$ cat protein_14.pdb   # PDB, C-alpha atoms
ATOM      1  CA  SER W1002       7.773 -14.533   0.515  1.00  0.00           C
ATOM      2  CA  GLN W1003       9.729 -11.456   1.406  1.00  0.00           C
ATOM      3  CA  GLN W1004       8.193  -8.956   3.708  1.00  0.00           C
ATOM      4  CA  GLY W1005       9.198  -5.620   5.124  1.00  0.00           C
ATOM      5  CA  GLU W1006       9.085  -5.488   8.872  1.00  0.00           C
ATOM      6  CA  GLU W1007       9.014  -2.084  10.479  1.00  0.00           C
ATOM      7  CA  ASP W1008      10.471  -1.334  13.844  1.00  0.00           C
ATOM      8  CA  PRO W1009       9.294  -0.013  16.217  1.00  0.00           C
ATOM      9  CA  GLN W1010       5.602  -0.809  15.937  1.00  0.00           C
ATOM     10  CA  ALA W1011       4.784   2.466  17.661  1.00  0.00           C
ATOM     11  CA  LEU W1012       6.746   5.623  18.385  1.00  0.00           C
ATOM     12  CA  SER W1013       5.738   8.671  20.384  1.00  0.00           C
ATOM     13  CA  ILE W1014       7.859  11.838  20.347  1.00  0.00           C
ATOM     14  CA  GLN W1015       7.598  15.560  20.987  1.00  0.00           C
ATOM     15  CA  GLU W1016       7.295  18.141  18.256  1.00  0.00           C
ATOM     16  CA  GLY W1017      10.705  19.221  17.046  1.00  0.00           C
ATOM     17  CA  GLU W1018      12.375  15.894  17.769  1.00  0.00           C
ATOM     18  CA  ASN W1019      13.605  13.536  15.093  1.00  0.00           C
ATOM     19  CA  ALA W1020      11.812  10.266  14.390  1.00  0.00           C
ATOM     20  CA  THR W1021      13.591   7.194  13.092  1.00  0.00           C
ATOM     21  CA  MET W1022      11.823   4.117  11.788  1.00  0.00           C
ATOM     22  CA  ASN W1023      13.479   0.977  10.544  1.00  0.00           C
ATOM     23  CA  CYS W1024      12.520  -1.651   8.011  1.00  0.00           C
ATOM     24  CA  SER W1025      14.034  -5.074   7.462  1.00  0.00           C
ATOM     25  CA  TYR W1026      13.312  -7.414   4.584  1.00  0.00           C
ATOM     26  CA  LYS W1027      14.267 -10.931   3.617  1.00  0.00           C
ATOM     27  CA  THR W1028      15.190 -11.242  -0.052  1.00  0.00           C
ATOM     28  CA  SER W1029      16.913  -9.216  -2.752  1.00  0.00           C
ATOM     29  CA  ILE W1030      15.052  -6.177  -3.987  1.00  0.00           C
ATOM     30  CA  ASN W1031      14.954  -3.781  -6.914  1.00  0.00           C
ATOM     31  CA  ASN W1032      13.877  -0.885  -4.770  1.00  0.00           C
ATOM     32  CA  LEU W1033      12.317  -0.007  -1.450  1.00  0.00           C
ATOM     33  CA  GLN W1034       9.607   2.547  -0.906  1.00  0.00           C
ATOM     34  CA  TRP W1035       8.174   4.327   2.103  1.00  0.00           C
ATOM     35  CA  TYR W1036       4.518   5.264   2.362  1.00  0.00           C
ATOM     36  CA  ARG W1037       2.541   7.230   4.888  1.00  0.00           C
ATOM     37  CA  GLN W1038      -1.060   6.668   5.972  1.00  0.00           C
ATOM     38  CA  ASN W1039      -3.127   9.111   7.943  1.00  0.00           C
ATOM     39  CA  SER W1040      -5.734   7.499  10.146  1.00  0.00           C
ATOM     40  CA  GLY W1041      -8.531   5.915   8.097  1.00  0.00           C
ATOM     41  CA  ARG W1042      -7.131   7.085   4.759  1.00  0.00           C
ATOM     42  CA  GLY W1043      -5.243   5.652   1.812  1.00  0.00           C
ATOM     43  CA  LEU W1044      -1.475   5.442   1.596  1.00  0.00           C
ATOM     44  CA  VAL W1045       0.623   8.236   0.158  1.00  0.00           C
ATOM     45  CA  HIS W1046       3.998   7.603  -1.426  1.00  0.00           C
ATOM     46  CA  LEU W1047       6.891   9.396   0.289  1.00  0.00           C
ATOM     47  CA  ILE W1048      10.117   8.238  -1.262  1.00  0.00           C
ATOM     48  CA  LEU W1049      11.675   5.452  -3.346  1.00  0.00           C
ATOM     49  CA  ILE W1050      15.250   4.293  -3.020  1.00  0.00           C
ATOM     50  CA  ARG W1051      16.810   1.962  -5.570  1.00  0.00           C
ATOM     51  CA  SER W1052      18.939  -0.997  -4.607  1.00  0.00           C
ATOM     52  CA  ASN W1053      22.088   0.711  -5.902  1.00  0.00           C
ATOM     53  CA  GLU W1054      21.486   3.809  -3.780  1.00  0.00           C
ATOM     54  CA  ARG W1055      22.549   4.185  -0.158  1.00  0.00           C
ATOM     55  CA  GLU W1056      20.839   7.391   0.883  1.00  0.00           C
ATOM     56  CA  LYS W1057      18.147   9.688  -0.397  1.00  0.00           C
ATOM     57  CA  HIS W1058      16.660  12.951   0.840  1.00  0.00           C
ATOM     58  CA  SER W1059      13.337  14.624   0.292  1.00  0.00           C
ATOM     59  CA  GLY W1060      12.613  17.716   2.359  1.00  0.00           C
ATOM     60  CA  ARG W1061      12.672  16.645   6.023  1.00  0.00           C
ATOM     61  CA  LEU W1062      12.873  12.972   5.068  1.00  0.00           C
ATOM     62  CA  ARG W1063      16.068  10.983   4.869  1.00  0.00           C
ATOM     63  CA  VAL W1064      16.078   7.350   3.804  1.00  0.00           C
ATOM     64  CA  THR W1065      19.011   4.997   3.977  1.00  0.00           C
ATOM     65  CA  LEU W1066      19.350   1.542   2.487  1.00  0.00           C
ATOM     66  CA  ASP W1067      21.826  -1.153   3.487  1.00  0.00           C
ATOM     67  CA  THR W1068      21.392  -4.081   1.114  1.00  0.00           C
ATOM     68  CA  SER W1069      24.036  -6.125   2.925  1.00  0.00           C
ATOM     69  CA  LYS W1070      21.911  -6.007   6.071  1.00  0.00           C
ATOM     70  CA  LYS W1071      18.634  -5.992   4.157  1.00  0.00           C
ATOM     71  CA  SER W1072      17.458  -2.973   6.052  1.00  0.00           C
ATOM     72  CA  SER W1073      16.331   0.586   5.545  1.00  0.00           C
ATOM     73  CA  SER W1074      15.618   3.509   7.814  1.00  0.00           C
ATOM     74  CA  LEU W1075      13.370   6.518   7.488  1.00  0.00           C
ATOM     75  CA  LEU W1076      14.338   9.634   9.417  1.00  0.00           C
ATOM     76  CA  ILE W1077      11.935  12.527   9.820  1.00  0.00           C
ATOM     77  CA  THR W1078      13.733  15.584  11.116  1.00  0.00           C
ATOM     78  CA  ALA W1079      12.176  18.383  13.160  1.00  0.00           C
ATOM     79  CA  SER W1080       8.893  16.525  13.429  1.00  0.00           C
ATOM     80  CA  ARG W1081       5.535  18.271  13.492  1.00  0.00           C
ATOM     81  CA  ALA W1082       2.176  17.243  14.889  1.00  0.00           C
ATOM     82  CA  ALA W1083       1.016  16.856  11.280  1.00  0.00           C
ATOM     83  CA  ASP W1084       3.549  14.039  10.818  1.00  0.00           C
ATOM     84  CA  THR W1085       1.399  11.862  13.066  1.00  0.00           C
ATOM     85  CA  ALA W1086       0.548   8.863  10.881  1.00  0.00           C
ATOM     86  CA  SER W1087       1.497   5.265  10.179  1.00  0.00           C
ATOM     87  CA  TYR W1088       4.543   4.678   8.025  1.00  0.00           C
ATOM     88  CA  PHE W1089       5.045   1.604   5.862  1.00  0.00           C
ATOM     89  CA  CYS W1090       7.954   0.277   3.903  1.00  0.00           C
ATOM     90  CA  ALA W1091       7.315  -1.713   0.742  1.00  0.00           C
ATOM     91  CA  THR W1092       9.653  -3.847  -1.302  1.00  0.00           C
ATOM     92  CA  ASP W1093       9.545  -5.458  -4.705  1.00  0.00           C
ATOM     93  CA  GLY W1094      11.595  -8.381  -5.922  1.00  0.00           C
ATOM     94  CA  ARG W1095      14.527  -8.623  -8.261  1.00  0.00           C
ATOM     95  CA  GLY W1096      12.501 -10.864 -10.515  1.00  0.00           C
ATOM     96  CA  GLY W1097      10.623  -7.860 -11.786  1.00  0.00           C
ATOM     97  CA  SER W1098       7.598  -8.749  -9.722  1.00  0.00           C
ATOM     98  CA  GLU W1099       4.718  -6.371 -10.157  1.00  0.00           C
ATOM     99  CA  LYS W1100       3.789  -6.876  -6.545  1.00  0.00           C
ATOM    100  CA  LEU W1101       4.898  -4.731  -3.663  1.00  0.00           C
ATOM    101  CA  VAL W1102       5.064  -6.346  -0.262  1.00  0.00           C
ATOM    102  CA  PHE W1103       4.207  -4.040   2.597  1.00  0.00           C
ATOM    103  CA  GLY W1104       5.271  -4.251   6.199  1.00  0.00           C
ATOM    104  CA  LYS W1105       2.858  -3.821   9.076  1.00  0.00           C
ATOM    105  CA  GLY W1106       3.874  -0.239   9.704  1.00  0.00           C
ATOM    106  CA  THR W1107       5.134   2.019  12.431  1.00  0.00           C
ATOM    107  CA  LYS W1108       2.559   4.224  14.106  1.00  0.00           C
ATOM    108  CA  LEU W1109       4.142   7.598  14.810  1.00  0.00           C
ATOM    109  CA  THR W1110       2.581  10.065  17.225  1.00  0.00           C
ATOM    110  CA  VAL W1111       4.055  13.545  17.419  1.00  0.00           C
ATOM    111  CA  ASN W1112       2.857  15.395  20.492  1.00  0.00           C
ATOM    112  CA  PRO W1113       2.513  19.181  20.276  1.00  0.00           C
TER     113      PRO W1113
ATOM    114  CA  ASP O 376      -1.769  14.608  -9.989  1.00  0.00           C
ATOM    115  CA  VAL O 377      -2.834  11.004 -10.133  1.00  0.00           C
ATOM    116  CA  LYS O 378      -6.276  10.443  -8.797  1.00  0.00           C
ATOM    117  CA  VAL O 379      -7.593   7.107  -7.617  1.00  0.00           C
ATOM    118  CA  THR O 380     -11.176   7.054  -6.456  1.00  0.00           C
ATOM    119  CA  GLN O 381     -13.175   4.361  -4.730  1.00  0.00           C
ATOM    120  CA  SER O 382     -16.934   4.160  -5.002  1.00  0.00           C
ATOM    121  CA  SER O 383     -17.715   4.259  -1.301  1.00  0.00           C
ATOM    122  CA  ARG O 384     -15.916   5.364   1.858  1.00  0.00           C
ATOM    123  CA  TYR O 385     -18.140   3.291   4.121  1.00  0.00           C
ATOM    124  CA  LEU O 386     -20.295   0.306   3.309  1.00  0.00           C
ATOM    125  CA  VAL O 387     -22.500  -1.912   5.454  1.00  0.00           C
ATOM    126  CA  LYS O 388     -23.672  -5.234   4.035  1.00  0.00           C
ATOM    127  CA  ARG O 389     -25.298  -8.388   5.307  1.00  0.00           C
ATOM    128  CA  THR O 390     -23.807 -11.872   5.294  1.00  0.00           C
ATOM    129  CA  GLY O 391     -24.420 -13.590   1.984  1.00  0.00           C
ATOM    130  CA  GLU O 392     -24.863 -10.415  -0.037  1.00  0.00           C
ATOM    131  CA  LYS O 393     -22.896  -9.848  -3.235  1.00  0.00           C
ATOM    132  CA  VAL O 394     -20.709  -6.792  -2.832  1.00  0.00           C
ATOM    133  CA  PHE O 395     -19.046  -4.690  -5.528  1.00  0.00           C
ATOM    134  CA  LEU O 396     -16.201  -2.333  -4.730  1.00  0.00           C
ATOM    135  CA  GLU O 397     -15.251  -0.054  -7.573  1.00  0.00           C
ATOM    136  CA  CYS O 398     -11.954   1.686  -8.202  1.00  0.00           C
ATOM    137  CA  VAL O 399     -11.220   4.216 -10.923  1.00  0.00           C
ATOM    138  CA  GLN O 400      -7.910   5.855 -11.840  1.00  0.00           C
ATOM    139  CA  ASP O 401      -7.417   8.729 -14.241  1.00  0.00           C
ATOM    140  CA  MET O 402      -3.762   8.346 -15.249  1.00  0.00           C
ATOM    141  CA  ASP O 403      -3.940   5.554 -17.830  1.00  0.00           C
ATOM    142  CA  HIS O 404      -2.012   3.227 -15.526  1.00  0.00           C
ATOM    143  CA  GLU O 405      -1.584  -0.365 -16.633  1.00  0.00           C
ATOM    144  CA  ASN O 406      -1.377  -1.954 -13.193  1.00  0.00           C
ATOM    145  CA  MET O 407      -4.103  -1.924 -10.582  1.00  0.00           C
ATOM    146  CA  PHE O 408      -4.260  -3.586  -7.167  1.00  0.00           C
ATOM    147  CA  TRP O 409      -6.711  -4.478  -4.428  1.00  0.00           C
ATOM    148  CA  TYR O 410      -5.522  -4.797  -0.824  1.00  0.00           C
ATOM    149  CA  ARG O 411      -7.224  -5.328   2.451  1.00  0.00           C
ATOM    150  CA  GLN O 412      -5.880  -3.831   5.640  1.00  0.00           C
ATOM    151  CA  ASP O 413      -6.537  -5.250   9.069  1.00  0.00           C
ATOM    152  CA  PRO O 414      -5.091  -4.260  12.466  1.00  0.00           C
ATOM    153  CA  GLY O 415      -1.905  -6.152  13.197  1.00  0.00           C
ATOM    154  CA  LEU O 416      -1.771  -7.696   9.728  1.00  0.00           C
ATOM    155  CA  GLY O 417      -0.814  -4.735   7.585  1.00  0.00           C
ATOM    156  CA  LEU O 418      -1.724  -4.605   3.903  1.00  0.00           C
ATOM    157  CA  ARG O 419      -2.374  -7.867   2.153  1.00  0.00           C
ATOM    158  CA  LEU O 420      -2.719  -8.168  -1.600  1.00  0.00           C
ATOM    159  CA  ILE O 421      -5.978  -9.732  -2.785  1.00  0.00           C
ATOM    160  CA  TYR O 422      -5.720  -9.436  -6.573  1.00  0.00           C
ATOM    161  CA  PHE O 423      -3.883  -7.365  -9.109  1.00  0.00           C
ATOM    162  CA  SER O 424      -4.216  -6.670 -12.803  1.00  0.00           C
ATOM    163  CA  TYR O 425      -1.422  -6.093 -15.309  1.00  0.00           C
ATOM    164  CA  ASP O 426      -3.731  -4.627 -17.899  1.00  0.00           C
ATOM    165  CA  VAL O 427      -7.252  -4.774 -19.258  1.00  0.00           C
ATOM    166  CA  LYS O 428      -8.860  -8.205 -18.880  1.00  0.00           C
ATOM    167  CA  MET O 429      -5.749  -9.529 -17.116  1.00  0.00           C
ATOM    168  CA  LYS O 430      -5.690 -10.527 -13.467  1.00  0.00           C
ATOM    169  CA  GLU O 431      -3.459 -12.335 -11.045  1.00  0.00           C
ATOM    170  CA  LYS O 432      -4.173 -13.716  -7.612  1.00  0.00           C
ATOM    171  CA  GLY O 433      -2.450 -12.059  -4.731  1.00  0.00           C
ATOM    172  CA  ASP O 434      -1.797 -13.524  -1.311  1.00  0.00           C
ATOM    173  CA  ILE O 435      -5.400 -13.843  -0.113  1.00  0.00           C
ATOM    174  CA  PRO O 436      -7.758 -14.247  -3.109  1.00  0.00           C
ATOM    175  CA  GLU O 437     -10.179 -16.681  -1.468  1.00  0.00           C
ATOM    176  CA  GLY O 438     -13.715 -15.350  -1.345  1.00  0.00           C
ATOM    177  CA  TYR O 439     -12.976 -12.584  -3.844  1.00  0.00           C
ATOM    178  CA  SER O 440     -13.029 -12.087  -7.586  1.00  0.00           C
ATOM    179  CA  VAL O 441     -12.127  -9.119  -9.775  1.00  0.00           C
ATOM    180  CA  SER O 442     -13.052  -7.573 -13.087  1.00  0.00           C
ATOM    181  CA  ARG O 443     -11.046  -5.257 -15.357  1.00  0.00           C
ATOM    182  CA  GLU O 444     -13.063  -4.534 -18.479  1.00  0.00           C
ATOM    183  CA  LYS O 445     -11.695  -1.033 -18.965  1.00  0.00           C
ATOM    184  CA  LYS O 446      -8.221   0.238 -18.253  1.00  0.00           C
ATOM    185  CA  GLU O 447      -9.328   2.852 -15.761  1.00  0.00           C
ATOM    186  CA  ARG O 448     -11.623   0.631 -13.700  1.00  0.00           C
ATOM    187  CA  PHE O 449     -10.847  -2.318 -11.436  1.00  0.00           C
ATOM    188  CA  SER O 450     -13.675  -3.922  -9.503  1.00  0.00           C
ATOM    189  CA  LEU O 451     -13.453  -6.186  -6.478  1.00  0.00           C
ATOM    190  CA  ILE O 452     -16.352  -8.575  -5.968  1.00  0.00           C
ATOM    191  CA  LEU O 453     -17.310 -10.408  -2.818  1.00  0.00           C
ATOM    192  CA  GLU O 454     -19.540 -13.149  -4.193  1.00  0.00           C
ATOM    193  CA  SER O 455     -21.123 -13.933  -0.827  1.00  0.00           C
ATOM    194  CA  ALA O 456     -19.989 -11.588   1.893  1.00  0.00           C
ATOM    195  CA  SER O 457     -18.951 -13.045   5.225  1.00  0.00           C
ATOM    196  CA  THR O 458     -18.213 -11.377   8.549  1.00  0.00           C
ATOM    197  CA  ASN O 459     -14.502 -12.160   8.229  1.00  0.00           C
ATOM    198  CA  GLN O 460     -14.423  -9.899   5.186  1.00  0.00           C
ATOM    199  CA  THR O 461     -15.107  -6.891   7.374  1.00  0.00           C
ATOM    200  CA  SER O 462     -12.067  -4.782   6.669  1.00  0.00           C
ATOM    201  CA  MET O 463     -10.589  -1.680   5.089  1.00  0.00           C
ATOM    202  CA  TYR O 464     -10.175  -2.177   1.337  1.00  0.00           C
ATOM    203  CA  LEU O 465      -7.593  -0.156  -0.544  1.00  0.00           C
ATOM    204  CA  CYS O 466      -7.213   0.147  -4.292  1.00  0.00           C
ATOM    205  CA  ALA O 467      -3.991   1.288  -5.963  1.00  0.00           C
ATOM    206  CA  SER O 468      -2.713   1.892  -9.460  1.00  0.00           C
ATOM    207  CA  ARG O 469       0.739   2.119 -10.973  1.00  0.00           C
ATOM    208  CA  ALA O 470       2.255   2.904 -14.339  1.00  0.00           C
ATOM    209  CA  TRP O 471       4.100  -0.050 -15.844  1.00  0.00           C
ATOM    210  CA  GLN O 472       7.829   0.561 -15.366  1.00  0.00           C
ATOM    211  CA  GLY O 473       9.189  -2.937 -15.579  1.00  0.00           C
ATOM    212  CA  GLY O 474       7.449  -3.810 -12.355  1.00  0.00           C
ATOM    213  CA  ARG O 475       8.867  -0.835 -10.488  1.00  0.00           C
ATOM    214  CA  GLY O 476       7.528   2.487  -9.437  1.00  0.00           C
ATOM    215  CA  THR O 477       5.126   4.184  -7.156  1.00  0.00           C
ATOM    216  CA  GLN O 478       1.677   2.912  -6.337  1.00  0.00           C
ATOM    217  CA  TYR O 479      -1.047   5.510  -5.970  1.00  0.00           C
ATOM    218  CA  PHE O 480      -3.757   4.666  -3.497  1.00  0.00           C
ATOM    219  CA  GLY O 481      -7.409   5.516  -3.249  1.00  0.00           C
ATOM    220  CA  PRO O 482      -8.915   6.734   0.039  1.00  0.00           C
ATOM    221  CA  GLY O 483     -10.150   3.283   1.028  1.00  0.00           C
ATOM    222  CA  THR O 484     -13.523   1.652   1.615  1.00  0.00           C
ATOM    223  CA  ARG O 485     -14.335   0.543   5.118  1.00  0.00           C
ATOM    224  CA  LEU O 486     -16.644  -2.457   4.770  1.00  0.00           C
ATOM    225  CA  LEU O 487     -18.691  -3.859   7.608  1.00  0.00           C
ATOM    226  CA  VAL O 488     -20.397  -7.205   7.054  1.00  0.00           C
ATOM    227  CA  LEU O 489     -23.120  -7.968   9.576  1.00  0.00           C
TER     228      LEU O 489
END
$ encode --input "protein_14.pdb" --output "structure tokens"
Amino acid sequence: SQQGEEDPQALSIQEGENATMNCSYKTSINNLQWYRQNSGRGLVHLILIRSNEREKHSGRLRVTLDTSKKSSSLLITASRAADTASYFCATDGRGGSEKLVFGKGTKLTVNP
Amino acid sequence: DVKVTQSSRYLVKRTGEKVFLECVQDMDHENMFWYRQDPGLGLRLIYFSYDVKMKEKGDIPEGYSVSREKKERFSLILESASTNQTSMYLCASRAWQGGRGTQYFGPGTRLLVL
């Protein structure tokens, strides 16, 4: 089964720096989503990018999608301590599958 | 805003007990999901439900069952809890959009089985 794989597993940066996380997947998708999880909490949806889109912005977030390489990246600009969390990509299949498949996440720490 | 609630944030049970985890959503969503999350393994899908009284096995259904009698409520049942079911359990719901769209998550239930 397809699965998103985030890279790196962990990332530590200083406040104000940009953070880039990558996600690779194995099979064709309808769309790819990014979620955020604060420690010990549920996941919160950040952004969805469709397979026919290449880039999408939402506030300080920028997501790119390269379907030829089966990869996506999430960029957080001007990071803040409050951005400290785990970030997951999730993909669904072209077959109209109701299931999302989540990666194992990137743990981001933003130091004040 | 969509709200997904789970009956307990923390739960401690003994091996062999029957455990019910409840999830309720208030947005009339058709799809509901149960995941477990373990360090190093990410989120794994246990069961999901397309609609009332409908259910599908996910990737790791063994040792679990589910119930969806009402649209807003999706219950996860551990028939006989075991220590390897100690985990964080996350419920999610989603509006039917041809299988696409955002999942909305509850806050999670951290279950400890002794």
$ closest_residue --input "protein_14.pdb" --among "W:Ala1086, W:Pro1113, W:Gly1104, W:Ser1025" --to "chain O" --atoms "only C-alpha atoms"
W:Gly1104
$ resolve_selection --input "protein_14.pdb" --expression "the PyMOL selection byres ((chain W) within 12 of (chain O))" --output "PyMOL selection string"
chain W and resi 1002+1004-1007+1010-1011+1030-1052+1087-1108
$ resolve_selection --input "protein_14.pdb" --expression "the PyMOL selection byres ((chain O and resi 381) around 6)" --output "list of chain:residue names"
O:Thr380, O:Ser382, O:Ser383, O:Glu397, O:Cys398
$ atom_distance --input "protein_14.pdb" --atom1 "CA of Phe395 (chain O)" --atom2 "CA of Leu451 (chain O)"
5.9 Å
$ atom_distance --input "protein_14.pdb" --atom1 "CA of Ser1013 (chain W)" --atom2 "CA of Leu486 (chain O)"
29.5 Å
$ atom_distance --input "protein_14.pdb" --atom1 "CA of Glu1056 (chain W)" --atom2 "CA of Glu405 (chain O)"
29.5 Å
$ resolve_selection --input "protein_14.pdb" --expression "the PyMOL selection byres ((chain O and resi 454) around 10)" --output "PyMOL selection string"
chain O and resi 391-395+438-440+451-453+455-457
$ closest_residue --input "protein_14.pdb" --among "O:Val399, O:Thr461, O:Arg389, O:Ser468" --to "Glu444 (chain O)" --atoms "all atoms listed in the file"
O:Val399
